[in-house]
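Have a look at the structure below before the remarks.
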Amino acid sequence: MPTSKRQRVSEDDPLTRAIAPPSYETPAERDNRLAIEQEAKRVSDAIDEELNRQRISEKKGPKAIKILLLGQSESGKSTTLKNFQLMNSPKAFRSERASWRAVIQLNVVQSIHAILDLISKAHSSAHSPSTSISHLTSPSSPPITPLKEYPPLNAEHLKLKMRLAPLLQVEAALMKKLLPHGHVQLSKLANPAQSLPLPQEISVNSSAGWKSTFNRLMGRNSCDSADLIDWADPDDPGVVLNACADDMKRLWTDPIIKKLMDVEKMRPEEMAGFFLDALDRVTSPRYIPTDDDVLRARLKTLGVSEHRFTMKRGPMGSPMSHDWRVFDVGGQRSLRAAWVPYFDDMNAIIFLAPISCFDQVLQEDPSVNRLADSFLLWKAIVSNPLLKKTELILFLNKCDILRAKLASGIRLADYIVSYGSRPNDFESASQYLKKKFAGLLKEHSPERLYYFHLTSVTDTKSTTYILENVQDVLVRDNLKRSALVT
């Protein structure tokens, strides 16, 4: 019987060949394959049915309140999201403590790694040939950048560096546990026993389920109590951290190392993921992260993640249940194009501007001041026509760090020329920055209201109070739109 043209095309189709059963399949293998396919179809149908049920339920019930968290990288978006989680469920992190324990251990190790790298740099500078070679250069040669004057290191510093070398192996092991197999950053890991590579901040995709992946690697689904952690595991990173704890404390408190960091303007205490002031606790043999530790932990997220909550209180504390959806998007410059599709149908945008970083530059572009970048982002948000009806909530974040930085003598006017001769204190600086952001809003979106808060989102108590106020405002606005209140 001749083969039809349609049948020949079907047989030549790569997809058809890929899903076709093997020609040598036995009857038992065929029955097993069909049973697996039937079960997969049952699961798929159940998922489709649940999604359809949710869609019908959402149409019948009150419309969910949608919030988009925006801001540059390290502005506090993920920490704000964690605060929303704690508001919704005080036990939100109990099942994730093993995952966050590894993240905090990595934060500690990478903070120490950065200091060790600085020691190597200072040591190399002290033993490099003199740069006084002006007699060898022509008048047209570019000027030589003078070497920084580092404080002299002693033999004890080099011994500390050697004794802390095992932490580099811990760093590599933690990165392998936290990152999915085949991640590009895993291929860049050098052999820590042979070299001192620059510390790399790891990044995970928000939708990759890194916490569940990590827990599977640990052989458990939760870390609800100390009994669920294998404290006798000799490969647990906490063993090495505990053994190196005294040397880490000695390194962090060393006055010469402090001067060395001052020369490089390295201030790890101002960065997310700082735990060097709590080394006794976080390197203890049976350390389990607290909620505050989880809030302070630093793990860069990429992509967009959606988190759903059911808030059990309405405006002014009324017992009204309401569905919330909070979207957290990556703040790196390369990811900002992904923001636009989420502008549609949002109730509110919480824009986080880290005002403490007035003396820092973008990691992606060292020519751009971070505070200036926040001004540009805010201008782009308030002037976007898609967001005309969206509530805007501005968090001028990291006020605790700004207050400490100004008190230490770092001058805002040295970086923001328009600040002029105003007093270099927190009250004056915060009011000036508030007026700066308000002026951009008035210029590009006149007659528009916005809500403004000075925040330190790692402060759970004050942030919860602010978010409760935000919640009341948004629920009232949502009810007005639904004509349920006047």
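Labels for the structure tokens follow display order: chains A, B, ..., residues from 1 in each chain, ligands from 1.
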Excluding His444 in chain A and its own-chain neighbours fewer than 4 positions away, which residues fall within 8 Å of it when counting only C-alpha atoms? Please give them as a PyMOL selection string. chain A and resi 379+382-383+440
File of the preceding selection, N, CA, C and O atoms, as a short mmCIF file (atom, residue, chain, number, x, y, z; two decimals), in the first residue's frame:
data_model
loop_
_atom_site.label_atom_id
_atom_site.label_comp_id
_atom_site.auth_asym_id
_atom_site.auth_seq_id
_atom_site.Cartn_x
_atom_site.Cartn_y
_atom_site.Cartn_z
N LYS A 379 12.04 59.15 38.12
CA LYS A 379 11.53 60.00 37.05
C LYS A 379 10.86 59.16 35.96
O LYS A 379 9.78 59.50 35.45
N VAL A 382 7.37 57.83 37.39
CA VAL A 382 6.29 58.80 37.55
C VAL A 382 5.83 59.37 36.21
O VAL A 382 4.70 59.87 36.10
N SER A 383 6.67 59.32 35.20
CA SER A 383 6.30 59.88 33.89
C SER A 383 5.75 58.82 32.94
O SER A 383 5.37 59.15 31.81
N LEU A 440 10.58 65.89 41.38
CA LEU A 440 10.54 65.11 40.13
C LEU A 440 9.11 64.67 39.84
O LEU A 440 8.67 64.67 38.68
#
Distance query Glu264 in chain A at most 12 Å, only C-alpha atoms, self and fewer than 6 positions along chain excluded, as a PDB file with N, CA, C and O atoms, in the first residue's frame:
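File result_32.pdb, as written:
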ATOM      1  N   ALA A 114      36.580  39.072  51.135  1.00  0.00           N
ATOM      2  CA  ALA A 114      36.870  40.413  50.614  1.00  0.00           C
ATOM      3  C   ALA A 114      38.003  41.074  51.397  1.00  0.00           C
ATOM      4  O   ALA A 114      38.861  41.755  50.817  1.00  0.00           O
ATOM      5  N   ILE A 115      38.038  40.847  52.725  1.00  0.00           N
ATOM      6  CA  ILE A 115      39.115  41.417  53.538  1.00  0.00           C
ATOM      7  C   ILE A 115      40.437  40.721  53.235  1.00  0.00           C
ATOM      8  O   ILE A 115      41.489  41.370  53.139  1.00  0.00           O
ATOM      9  N   ASP A 117      41.286  39.394  50.447  1.00  0.00           N
ATOM     10  CA  ASP A 117      41.727  39.887  49.140  1.00  0.00           C
ATOM     11  C   ASP A 117      42.385  41.256  49.278  1.00  0.00           C
ATOM     12  O   ASP A 117      43.366  41.564  48.579  1.00  0.00           O
ATOM     13  N   LEU A 118      41.860  42.074  50.177  1.00  0.00           N
ATOM     14  CA  LEU A 118      42.452  43.391  50.420  1.00  0.00           C
ATOM     15  C   LEU A 118      43.845  43.259  51.040  1.00  0.00           C
ATOM     16  O   LEU A 118      44.759  44.024  50.715  1.00  0.00           O
ATOM     17  N   ILE A 119      44.025  42.277  51.941  1.00  0.00           N
ATOM     18  CA  ILE A 119      45.353  42.020  52.513  1.00  0.00           C
ATOM     19  C   ILE A 119      46.333  41.640  51.419  1.00  0.00           C
ATOM     20  O   ILE A 119      47.477  42.123  51.380  1.00  0.00           O
ATOM     21  N   LYS A 121      46.187  42.467  48.299  1.00  0.00           N
ATOM     22  CA  LYS A 121      46.447  43.652  47.486  1.00  0.00           C
ATOM     23  C   LYS A 121      47.452  44.575  48.172  1.00  0.00           C
ATOM     24  O   LYS A 121      48.393  45.086  47.527  1.00  0.00           O
ATOM     25  N   ALA A 122      47.275  44.787  49.476  1.00  0.00           N
ATOM     26  CA  ALA A 122      48.189  45.663  50.215  1.00  0.00           C
ATOM     27  C   ALA A 122      49.581  45.050  50.296  1.00  0.00           C
ATOM     28  O   ALA A 122      50.594  45.760  50.183  1.00  0.00           O
ATOM     29  N   LEU A 147      50.028  55.039  43.767  1.00  0.00           N
ATOM     30  CA  LEU A 147      49.584  53.922  44.584  1.00  0.00           C
ATOM     31  C   LEU A 147      48.987  54.437  45.889  1.00  0.00           C
ATOM     32  O   LEU A 147      49.431  55.451  46.435  1.00  0.00           O
ATOM     33  N   LYS A 148      47.986  53.738  46.396  1.00  0.00           N
ATOM     34  CA  LYS A 148      47.394  54.121  47.668  1.00  0.00           C
ATOM     35  C   LYS A 148      48.369  53.799  48.799  1.00  0.00           C
ATOM     36  O   LYS A 148      49.116  52.827  48.731  1.00  0.00           O
ATOM     37  N   GLU A 149      48.331  54.620  49.816  1.00  0.00           N
ATOM     38  CA  GLU A 149      49.221  54.427  50.954  1.00  0.00           C
ATOM     39  C   GLU A 149      48.537  53.531  51.989  1.00  0.00           C
ATOM     40  O   GLU A 149      47.756  53.989  52.815  1.00  0.00           O
ATOM     41  N   TYR A 150      48.843  52.245  51.897  1.00  0.00           N
ATOM     42  CA  TYR A 150      48.272  51.293  52.838  1.00  0.00           C
ATOM     43  C   TYR A 150      49.082  51.271  54.128  1.00  0.00           C
ATOM     44  O   TYR A 150      50.307  51.441  54.108  1.00  0.00           O
ATOM     45  N   PRO A 151      48.443  51.027  55.265  1.00  0.00           N
ATOM     46  CA  PRO A 151      49.206  50.853  56.508  1.00  0.00           C
ATOM     47  C   PRO A 151      50.044  49.579  56.420  1.00  0.00           C
ATOM     48  O   PRO A 151      49.636  48.607  55.770  1.00  0.00           O
ATOM     49  N   ILE A 257      43.763  46.472  60.087  1.00  0.00           N
ATOM     50  CA  ILE A 257      42.819  46.051  59.046  1.00  0.00           C
ATOM     51  C   ILE A 257      41.728  47.106  58.879  1.00  0.00           C
ATOM     52  O   ILE A 257      41.290  47.405  57.755  1.00  0.00           O
ATOM     53  N   LYS A 258      41.306  47.716  59.999  1.00  0.00           N
ATOM     54  CA  LYS A 258      40.308  48.787  59.919  1.00  0.00           C
ATOM     55  C   LYS A 258      40.848  49.955  59.089  1.00  0.00           C
ATOM     56  O   LYS A 258      40.143  50.519  58.244  1.00  0.00           O
TER      57      LYS A 258
END
Considering only C-alpha atoms, state which residue in the set A:Arg325, A:Arg448, A:Arg296, A:Arg163 is at the smallest distance from Val240 in chain A. A:Arg163
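As for CA of Asp359 in chain A and CA of Lys77 in chain A, they are spaced 20.4 Å apart.
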Rank A:Val294, A:Val103, A:Leu260, A:Val361 by their smallest atom-to-atom distance to Gln85 in chain A, using only C-alpha atoms, and report the top residue only.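 Looking only at the distances to Gln85 in chain A, the closest residue turns out to be A:Val294.
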Pick from A:Glu269, A:Asp472, A:Glu443, A:Glu25 nearest to Trp378 in chain A, counting only C-alpha atoms: A:Glu443
Nearest to Leu449 in chain A, chosen from A:Leu376, A:Ile36, A:Leu394, A:Val263, with only C-alpha atoms counted in the distances: A:Leu394
DSSP-assigned helix (DSSP H, G or I) members of range 320-478 of chain A, reported as a ChimeraX atom specification: /A:333-342,355-357,370-382,385-387,399-407,412-414,417-419,426-444,460-478
May I have the residues within 8 Å of range 279-288 of chain A as a PyMOL selection string, using only C-alpha atoms and disregarding those fewer than 3 positions away in the same chain? chain A and resi 97-98+101+105+226+231+238-239+241-242+245+248-249+275-276
Just the selected residues (C-alpha atoms), exported as a CSV table (one decimal), in the first residue's frame, please.
chain,number,residue,atom,x,y,z
A,97,ARG,CA,15.8,28.0,58.0
A,98,ALA,CA,18.3,25.4,56.6
A,101,ARG,CA,21.5,29.2,57.3
A,105,GLN,CA,27.2,31.3,56.2
A,226,ALA,CA,17.4,22.0,65.8
A,231,TRP,CA,24.8,18.5,63.7
A,238,GLY,CA,29.4,25.3,60.3
A,239,VAL,CA,32.2,23.0,61.5
A,241,LEU,CA,33.3,28.4,60.5
A,242,ASN,CA,33.3,27.5,64.2
A,245,ALA,CA,35.6,31.9,64.5
A,248,MET,CA,37.7,35.8,61.9
A,249,LYS,CA,37.0,38.0,65.0
A,275,PHE,CA,27.1,39.5,60.1
A,276,LEU,CA,30.7,40.2,61.2
Strand (DSSP E or B) per DSSP on the backbone: members of range 283-463 of chain A, as a PyMOL selection string: chain A and resi 300-302+304-311+322-329+348-354+361+369+391-397+451-454
Non-local contacts of Leu81 in chain A (9 Å; only C-alpha atoms; under 3 positions in same chain excluded) as a list of chain:residue names: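 Once the adjacent positions are removed, what remains is A:Leu69, A:Gly76, A:Lys77, A:Ser78, A:Phe84, A:Gln85, A:Leu86, A:His307, A:Val326, A:Phe327, A:Asp328.
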For the selection you just gave me, I'd like the residues written to a file as a CSV table (one decimal), in the first residue's frame, keeping N, CA and C atoms.
chain,number,residue,atom,x,y,z
A,69,LEU,N,7.1,45.7,43.5
A,69,LEU,CA,8.3,46.3,44.2
A,69,LEU,C,9.3,46.7,43.2
A,76,GLY,N,16.5,47.0,48.7
A,76,GLY,CA,15.7,46.5,49.8
A,76,GLY,C,14.4,45.8,49.4
A,77,LYS,N,14.3,45.5,48.1
A,77,LYS,CA,13.0,44.9,47.6
A,77,LYS,C,12.8,43.6,48.3
A,78,SER,N,13.8,42.7,48.2
A,78,SER,CA,13.6,41.4,48.8
A,78,SER,C,13.4,41.4,50.3
A,84,PHE,N,6.6,41.4,54.2
A,84,PHE,CA,5.2,41.1,53.9
A,84,PHE,C,4.9,39.6,54.3
A,85,GLN,N,5.9,38.7,54.1
A,85,GLN,CA,5.7,37.3,54.4
A,85,GLN,C,5.5,37.2,55.9
A,86,LEU,N,6.3,37.9,56.7
A,86,LEU,CA,6.2,37.8,58.2
A,86,LEU,C,4.8,38.4,58.6
A,307,HIS,N,4.3,36.5,44.8
A,307,HIS,CA,4.0,35.9,46.1
A,307,HIS,C,2.6,36.3,46.4
A,326,VAL,N,2.2,40.2,45.5
A,326,VAL,CA,3.3,41.1,45.6
A,326,VAL,C,4.3,40.6,44.6
A,327,PHE,N,4.7,41.4,43.6
A,327,PHE,CA,5.7,41.0,42.6
A,327,PHE,C,7.1,41.7,42.9
A,328,ASP,N,8.1,40.8,42.9
A,328,ASP,CA,9.4,41.3,43.2
A,328,ASP,C,10.2,41.1,41.9
For Pro341 in chain A: contacts at 12 Å, only C-alpha atoms, fewer than 3 positions along chain excluded, given as a list in words: Leu68, Val304, Phe327, Val329, Arg336, Ala337, Ala338, Asp344, Asp345, Met346, Leu386 and Leu387 of chain A
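Considering only C-alpha atoms, the residue among A:Gln38, A:Thr390, A:Asn384, A:Ser75 positioned nearest to Met271 in chain A is A:Ser75.
All residues of protein, DNA or RNA that reach within 7 Å of range 401-405 of chain A, judged by only C-alpha atoms and not counting those fewer than 6 positions away in the chain, are Glu270, Ile355, Ser356 and Phe426 of chain A.
Candidate residues A:Phe395, A:Gly420, A:Arg30, A:Trp252 were compared for distance to Thr80 in chain A, and the nearest is A:Phe395, using only C-alpha atoms.
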For the atom pair CA of Ile350 in chain A and CA of Ser89 in chain A, what is the interatomic distance in Å to one decimal place?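 For CA of Ile350 in chain A relative to CA of Ser89 in chain A, the distance reads 20.7 Å.
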